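Participant: Next up is a structure, given as C-alpha cells.
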Amino acid sequence: MHRRHFDSMEGVVKPAMYKYAFLFPGQGSHYVGMAKTFFEESLIARRTFEEADEILGMHLTKLCFEGPITELNRTRNMQPALLTACTAIYRSFVAKTGIIPSFSAGHSLGEYTALVCAGAITFSDAVRMVRRRGELTQEIADQGHGAMSILDRVDPQSIGELCKEYATHNQYVAVSCFNSPNQVAISGHQEAVEKVEKAVLGTGGQSTPLIASPPMHCSLMNAVAEMLHDELQRLQIHQFRYPVLANATAEPYGPFGCVADRLSLQLCQPVRWAESIQYIAERGVTCFVEIGPKSVLGDLIASITPYAQTYSVGHIADKQELYDRHTRFPFQELVSLCIGAIASTPNLCDIENVQAPSDIGAIVTQLRELDSPHDMDGCVDDMIKPLQLLGKALKCKGVPQEKAHGIVEDIIAGYEQYYELRAAVNSIVELGA
C-alpha cells in the first residue's frame, strides 16, 4: 500500500508520490456500450445509471448499452448519457483507488461532470440540467444552419485570422475550441465553416466535420446561453472538494464560484483547453487521468505538456496500472478520514463548554480503537460505525446539521457503498444532534 498523507485544509487523502488531475471528455467520446464494463463490475456504477434512469423517466441505461446510435447521437440524449457514464466511471474508479486529484477540468460538456465529481453540484441536478442544455442546443442543430468542425495540423492564431477573413455579416465563423498547439475547433454558419475547412485542406491541414452538431462555443449560441443561465441560477452550489477549471476562463472556480455565469458563458465563448492544461501543469501536476469511456484527450495533453504522464481509465491497461499502483483498504481509510475531518473542523461551541474537548478526545480514541472488519472492503454496517462517531464529534464541536451533513457526504463520496451510506447520512448526523 502506498503511503498517503492527510491534507487538513482540503479534508482529503492523497497519494504522497503523485499529483493528479482528472479530465472529463465531451462530445465525441460516446458510443453504444460505453461504461458497460464498469456497470457490470461496480455496484456504485450500476446505482449511478439507475439514478439517471429514474431522474429522466426513461431507459437511459438501455440506450447507452444497446443504442441505436442514431438516438444516442441526439444531443438531448447524448449529453445526459455521457455525463452519467463518466460519473459512473469516476465513482467506480475512485472507490477502487482512493485517488483524489489536485485539479480537475472537463472539455465542454465534461465541465458539468467535473463539477459533479468535485461535489459542487449534485448528480441529479446535473442530469436534469444537461438534458435541458441538450434540448436547447438540439433545437439549433435541427435548424440545420450551423456547423462545427475539428481542424488538425494547424496554427490556432492563423485559423483565427482565417475565420475573420471568411466571416461576413450573414455568415459567421470563429474558433470555438483551442484544444492544443496544433488543433482547434471552429463553429458558425455552415457555408462559412466549409470555406475555412477548404482553405485549411489546401494548406496541408485536416478537417473533421462534426455531423449534425450545433455551432457550440460561439456567439450563435448567445440566445441559448441566456435561457440556460436563468435555469443554472436556480442550482444549489456546494463546496468544491478540489479545484475545477472553467472552460471560458482557464482558471479555477472560486469556493462557490459563479457556476451559472461560467457554464452559460461556456456555450457562447471558446473552450480554452490548452490554457487550462498549461495552468494545471505549471502547478506541479505530473499525471493526467482521463475519466471517460475511451481515450480522446490523451494526444491533446501530450502535445500541450509533453513530459506529463497520461492515462485513460477507459483503456484496460491504463486502468489496471492505476489500480495496481493504488491499493486501498476502505475501512481503514474511512477511519483516517473521519479523524482528519474532526481535526480540521473548527470548534463552534460556546467557549464556556469546557467538556467538549474531552468528549472529542474520547471519540477520537474510540475511532482509533475500532477493529478492522474481516472483510477489508468493509460492509455498510461496519462503515457506518466510524461515521456515527464522526457525527457525535461534530455535534460536540457545535457544527450545524446542514454543515455536518455536507462533511459526511464529502467523506463517503469516494466509496463503492456510497448510495447505501448516503441513505444513512441523515440518521448519522441526527445521532449527533
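Ordered as shown in the C-alpha cells, chains take letters A, B, and onward, while each chain numbers its residues from 1 and ligands are numbered from 1 in the order shown.
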Contacts between stretch 276-292 of chain A and stretch 75-190 of chain A, please, where a residue of stretch 75-190 of chain A counts if it comes within 7 Å (with only C-alpha atoms); show its shortest atom pair and distance in Å to one decimal, rows by chain and ascending number, as JSON lines.
Facilitator:
{"residue": "A:Cys86", "atom": "CA", "partner": "A:Gly292", "partner_atom": "CA", "distance": 5.1}
{"residue": "A:Ile89", "atom": "CA", "partner": "A:Ile291", "partner_atom": "CA", "distance": 6.6}
{"residue": "A:Tyr90", "atom": "CA", "partner": "A:Ile291", "partner_atom": "CA", "distance": 6.1}
{"residue": "A:Phe103", "atom": "CA", "partner": "A:Ile280", "partner_atom": "CA", "distance": 6.9}
Participant: Counting only C-alpha atoms, give me one row per residue of stretch 245-327 of chain A with an atom at most 9 Å from an atom of stretch 213-216 of chain A, showing the shortest contact pair and its distance in Å to one decimal, sorted by chain then residue number, as a Markdown table.
Facilitator:
| residue | atom | partner | partner_atom | distance |
| --- | --- | --- | --- | --- |
| A:Gln266 | CA | A:Met216 | CA | 8.8 |
| A:Leu267 | CA | A:Met216 | CA | 6.0 |
| A:Cys268 | CA | A:Met216 | CA | 6.8 |
| A:Gln269 | CA | A:Met216 | CA | 8.5 |
| A:Pro270 | CA | A:Met216 | CA | 8.6 |
Participant: For those residues, write C-alpha atoms to a file as a short mmCIF file (atom, residue, chain, number, x, y, z; two decimals), in the first residue's frame.
Facilitator:
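selection-v3.cif, freshly written:
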data_model
loop_
_atom_site.label_atom_id
_atom_site.label_comp_id
_atom_site.auth_asym_id
_atom_site.auth_seq_id
_atom_site.Cartn_x
_atom_site.Cartn_y
_atom_site.Cartn_z
CA GLN A 266 -19.08 28.31 -21.97
CA LEU A 267 -21.84 27.93 -24.58
CA CYS A 268 -21.04 31.16 -26.41
CA GLN A 269 -17.29 31.64 -25.85
CA PRO A 270 -14.34 29.44 -26.87
#
Participant: From the list A:Thr113, A:Ser336, A:Thr48, A:Thr75, which residue is nearest A:Ile411 when using only C-alpha atoms?
Facilitator: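 Looking at the shortest contact to A:Ile411, the residue is A:Ser336.
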Participant: Give me, as a ChimeraX atom specification, all polymer residues having an atom no more than 12 Å from A:His107, counting only C-alpha atoms and skipping those fewer than 5 positions away in the same chain.
Facilitator: /A:22-29,83,112-115,176-179,217,244-248,250,263,266-267,270-274,276-277,290-292,296-297,300
Participant: Nearest residue to A:Cys218 out of A:Ala147, A:Val130, A:Ala308, A:Leu387, using only C-alpha atoms?
Facilitator: A:Ala147
Participant: Assign secondary structure with DSSP using the backbone only, and return the residues of stretch 34-281 of chain A in strand (DSSP E) as a PyMOL selection string.
Facilitator: chain A and resi 103-106+146-152+173-180+183-189+206-209+244-245
Participant: Near A:Ala212, within 9 Å and counting only C-alpha atoms, which residues show up once chain neighbours fewer than 5 positions away are dropped, as a VMD selection string?
Facilitator: chain A and resid 73 to 74 141 to 142 144 146 to 148
Participant: Here is a test: counting only C-alpha atoms, which residue of A:Ala95, A:Leu63, A:Ala88, A:Ile237 is nearest to A:Tyr415?
Facilitator: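 Under the stated criterion, the closest residue is A:Ala95.
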Participant: Using only C-alpha atoms, determine which residues lie at most 9 Å from A:Pro400, disregarding the query and same-chain residues fewer than 4 positions distant; provide the list as an MDAnalysis selection string.
Facilitator: chainID A and resid 348 394:395 404:405 433
Participant: Could you list, as an mmCIF file with C-alpha atoms, in the first residue's frame, every residue within 9 Å of A:Met383, counting only C-alpha atoms and ignoring same-chain residues fewer than 3 positions away?
Facilitator:
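Once written, result-v5.cif looks like this:
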data_model
loop_
_atom_site.group_PDB
_atom_site.id
_atom_site.type_symbol
_atom_site.label_atom_id
_atom_site.label_comp_id
_atom_site.auth_asym_id
_atom_site.auth_seq_id
_atom_site.Cartn_x
_atom_site.Cartn_y
_atom_site.Cartn_z
ATOM 1 C CA PRO A 330 -11.528 1.341 2.530
ATOM 2 C CA PHE A 331 -12.403 0.759 6.184
ATOM 3 C CA LEU A 334 -12.552 5.827 6.269
ATOM 4 C CA VAL A 335 -11.435 5.855 9.909
ATOM 5 C CA GLY A 378 -15.975 -3.068 4.861
ATOM 6 C CA CYS A 379 -19.677 -3.820 4.715
ATOM 7 C CA VAL A 380 -22.118 -0.933 5.107
ATOM 8 C CA PRO A 386 -16.885 5.466 12.287
ATOM 9 C CA LEU A 387 -19.339 7.822 10.590
ATOM 10 C CA GLN A 417 -21.024 1.785 -0.865
ATOM 11 C CA LEU A 421 -24.090 5.102 3.107
#
Participant: Rounded to one decimal place, report the atom CA of A:Tyr311-atom CA of A:Gly298 distance in Å.
Facilitator: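 Atom-to-atom, atom CA of A:Tyr311 and atom CA of A:Gly298 are spaced 7.1 Å apart.
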Participant: Please measure the separation of atom CA of A:Arg91 and atom CA of A:Phe38, giving the value in Å to one decimal.
Facilitator: 9.7 Å
Participant: Of the candidates A:Asn426, A:Thr87, A:Thr345, A:Asn182, which one gets nearest to A:Ser124 if we count only C-alpha atoms?
Facilitator: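 Result for the nearest residue to A:Ser124: A:Thr87.
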Participant: In terms of the shortest atom-to-atom distance over only C-alpha atoms, which of A:Ser104, A:Ser92, A:Ser149, A:Gln138 is closest to A:Lys198?
Facilitator: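 Smallest distance to A:Lys198 is found for A:Ser149.
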Participant: In Å to one decimal, how far is atom CA of A:Pro293 from atom CA of A:Glu71?
Facilitator: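 According to the coordinates, atom CA of A:Glu71 and atom CA of A:Pro293 are separated by 18.1 Å.
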Participant: Which residue out of A:Ala362, A:Ile384, A:Val399, A:Leu210 has the minimum interatomic distance to A:Ala424 when only C-alpha atoms are used?
Facilitator: A:Ile384
Participant: Which of stretch 44-212 of chain A counts as alpha helix (DSSP H) under DSSP, as a PyMOL selection string please?
Facilitator: chain A and resi 44-56+60-66+69-72+75-97+110-117+123-143+156-166+190-202
Participant: Got time to write the residues from that selection, C-alpha atoms, as an mmCIF file, in the first residue's frame?
Facilitator:
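Produced file result00.cif, reproduced below:
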data_model
loop_
_atom_site.group_PDB
_atom_site.id
_atom_site.type_symbol
_atom_site.label_atom_id
_atom_site.label_comp_id
_atom_site.auth_asym_id
_atom_site.auth_seq_id
_atom_site.Cartn_x
_atom_site.Cartn_y
_atom_site.Cartn_z
ATOM 1 C CA ILE A 44 -21.827 2.228 -7.473
ATOM 2 C CA ALA A 45 -21.664 2.455 -11.282
ATOM 3 C CA ARG A 46 -24.908 0.469 -11.557
ATOM 4 C CA ARG A 47 -26.599 2.681 -8.995
ATOM 5 C CA THR A 48 -25.460 5.782 -10.890
ATOM 6 C CA PHE A 49 -27.115 4.583 -14.115
ATOM 7 C CA GLU A 50 -30.252 3.562 -12.209
ATOM 8 C CA GLU A 51 -30.469 7.022 -10.635
ATOM 9 C CA ALA A 52 -30.228 8.669 -14.072
ATOM 10 C CA ASP A 53 -32.998 6.400 -15.413
ATOM 11 C CA GLU A 54 -35.225 7.440 -12.520
ATOM 12 C CA ILE A 55 -34.453 11.160 -12.833
ATOM 13 C CA LEU A 56 -35.165 11.286 -16.574
ATOM 14 C CA LEU A 60 -31.084 5.804 -20.464
ATOM 15 C CA THR A 61 -29.051 2.737 -19.442
ATOM 16 C CA LYS A 62 -30.555 0.673 -22.254
ATOM 17 C CA LEU A 63 -29.872 3.466 -24.746
ATOM 18 C CA CYS A 64 -26.229 3.659 -23.620
ATOM 19 C CA PHE A 65 -25.639 -0.083 -23.890
ATOM 20 C CA GLU A 66 -27.914 -1.093 -26.785
ATOM 21 C CA ILE A 69 -26.536 5.087 -32.178
ATOM 22 C CA THR A 70 -28.817 7.447 -34.139
ATOM 23 C CA GLU A 71 -30.879 8.012 -30.995
ATOM 24 C CA LEU A 72 -27.826 8.195 -28.718
ATOM 25 C CA THR A 75 -27.849 15.964 -28.342
ATOM 26 C CA ARG A 76 -30.727 15.794 -25.838
ATOM 27 C CA ASN A 77 -29.838 12.132 -25.176
ATOM 28 C CA MET A 78 -26.073 12.207 -25.670
ATOM 29 C CA GLN A 79 -25.456 14.879 -23.042
ATOM 30 C CA PRO A 80 -27.144 13.163 -20.055
ATOM 31 C CA ALA A 81 -25.877 9.779 -21.288
ATOM 32 C CA LEU A 82 -22.231 10.880 -21.381
ATOM 33 C CA LEU A 83 -22.487 12.727 -18.067
ATOM 34 C CA THR A 84 -23.939 9.574 -16.473
ATOM 35 C CA ALA A 85 -21.315 7.271 -17.987
ATOM 36 C CA CYS A 86 -18.412 9.488 -16.907
ATOM 37 C CA THR A 87 -19.814 9.967 -13.398
ATOM 38 C CA ALA A 88 -20.265 6.195 -13.051
ATOM 39 C CA ILE A 89 -16.690 5.609 -14.235
ATOM 40 C CA TYR A 90 -15.358 8.259 -11.835
ATOM 41 C CA ARG A 91 -17.212 6.829 -8.850
ATOM 42 C CA SER A 92 -16.118 3.282 -9.617
ATOM 43 C CA PHE A 93 -12.505 4.331 -10.204
ATOM 44 C CA VAL A 94 -12.219 6.434 -7.040
ATOM 45 C CA ALA A 95 -13.910 3.721 -4.983
ATOM 46 C CA LYS A 96 -11.231 1.315 -6.178
ATOM 47 C CA THR A 97 -8.161 3.569 -5.928
ATOM 48 C CA GLY A 110 -17.283 17.424 -19.457
ATOM 49 C CA GLU A 111 -17.181 20.577 -17.316
ATOM 50 C CA TYR A 112 -20.560 19.575 -15.860
ATOM 51 C CA THR A 113 -19.180 16.134 -14.977
ATOM 52 C CA ALA A 114 -16.119 17.724 -13.384
ATOM 53 C CA LEU A 115 -18.375 19.885 -11.202
ATOM 54 C CA VAL A 116 -20.459 16.875 -10.147
ATOM 55 C CA CYS A 117 -17.424 14.803 -9.213
ATOM 56 C CA PHE A 123 -25.605 14.448 -9.926
ATOM 57 C CA SER A 124 -29.402 14.702 -10.051
ATOM 58 C CA ASP A 125 -29.303 18.449 -10.731
ATOM 59 C CA ALA A 126 -26.626 17.986 -13.398
ATOM 60 C CA VAL A 127 -28.554 15.250 -15.232
ATOM 61 C CA ARG A 128 -31.621 17.481 -15.457
ATOM 62 C CA MET A 129 -29.536 20.492 -16.474
ATOM 63 C CA VAL A 130 -27.617 18.782 -19.287
ATOM 64 C CA ARG A 131 -30.867 17.293 -20.583
ATOM 65 C CA ARG A 132 -32.176 20.862 -20.802
ATOM 66 C CA ARG A 133 -28.893 22.033 -22.334
ATOM 67 C CA GLY A 134 -29.222 19.218 -24.868
ATOM 68 C CA GLU A 135 -32.810 20.166 -25.727
ATOM 69 C CA LEU A 136 -31.902 23.811 -26.287
ATOM 70 C CA THR A 137 -28.853 23.028 -28.421
ATOM 71 C CA GLN A 138 -30.775 20.314 -30.306
ATOM 72 C CA GLU A 139 -33.224 22.993 -31.484
ATOM 73 C CA ILE A 140 -30.300 24.892 -33.012
ATOM 74 C CA ALA A 141 -28.904 21.723 -34.613
ATOM 75 C CA ASP A 142 -32.310 20.823 -36.095
ATOM 76 C CA GLN A 143 -32.452 24.166 -37.900
ATOM 77 C CA PRO A 156 -4.525 28.424 -33.853
ATOM 78 C CA GLN A 157 -3.644 32.089 -34.456
ATOM 79 C CA SER A 158 -3.681 31.614 -38.245
ATOM 80 C CA ILE A 159 -7.090 29.912 -38.046
ATOM 81 C CA GLY A 160 -8.414 32.845 -36.047
ATOM 82 C CA GLU A 161 -7.291 35.213 -38.775
ATOM 83 C CA LEU A 162 -8.742 32.934 -41.462
ATOM 84 C CA CYS A 163 -12.112 32.938 -39.700
ATOM 85 C CA LYS A 164 -12.128 36.750 -39.647
ATOM 86 C CA GLU A 165 -11.335 36.747 -43.363
ATOM 87 C CA TYR A 166 -14.262 34.481 -44.289
ATOM 88 C CA GLN A 190 -22.476 26.123 -42.499
ATOM 89 C CA GLU A 191 -21.214 27.987 -45.563
ATOM 90 C CA ALA A 192 -18.548 29.952 -43.675
ATOM 91 C CA VAL A 193 -17.322 26.849 -41.823
ATOM 92 C CA GLU A 194 -16.968 24.972 -45.116
ATOM 93 C CA LYS A 195 -14.928 27.814 -46.622
ATOM 94 C CA VAL A 196 -12.462 27.727 -43.723
ATOM 95 C CA GLU A 197 -12.263 23.919 -43.978
ATOM 96 C CA LYS A 198 -11.462 24.152 -47.674
ATOM 97 C CA ALA A 199 -8.715 26.714 -47.057
ATOM 98 C CA VAL A 200 -7.195 24.533 -44.314
ATOM 99 C CA LEU A 201 -7.170 21.456 -46.535
ATOM 100 C CA GLY A 202 -5.415 23.494 -49.218
#
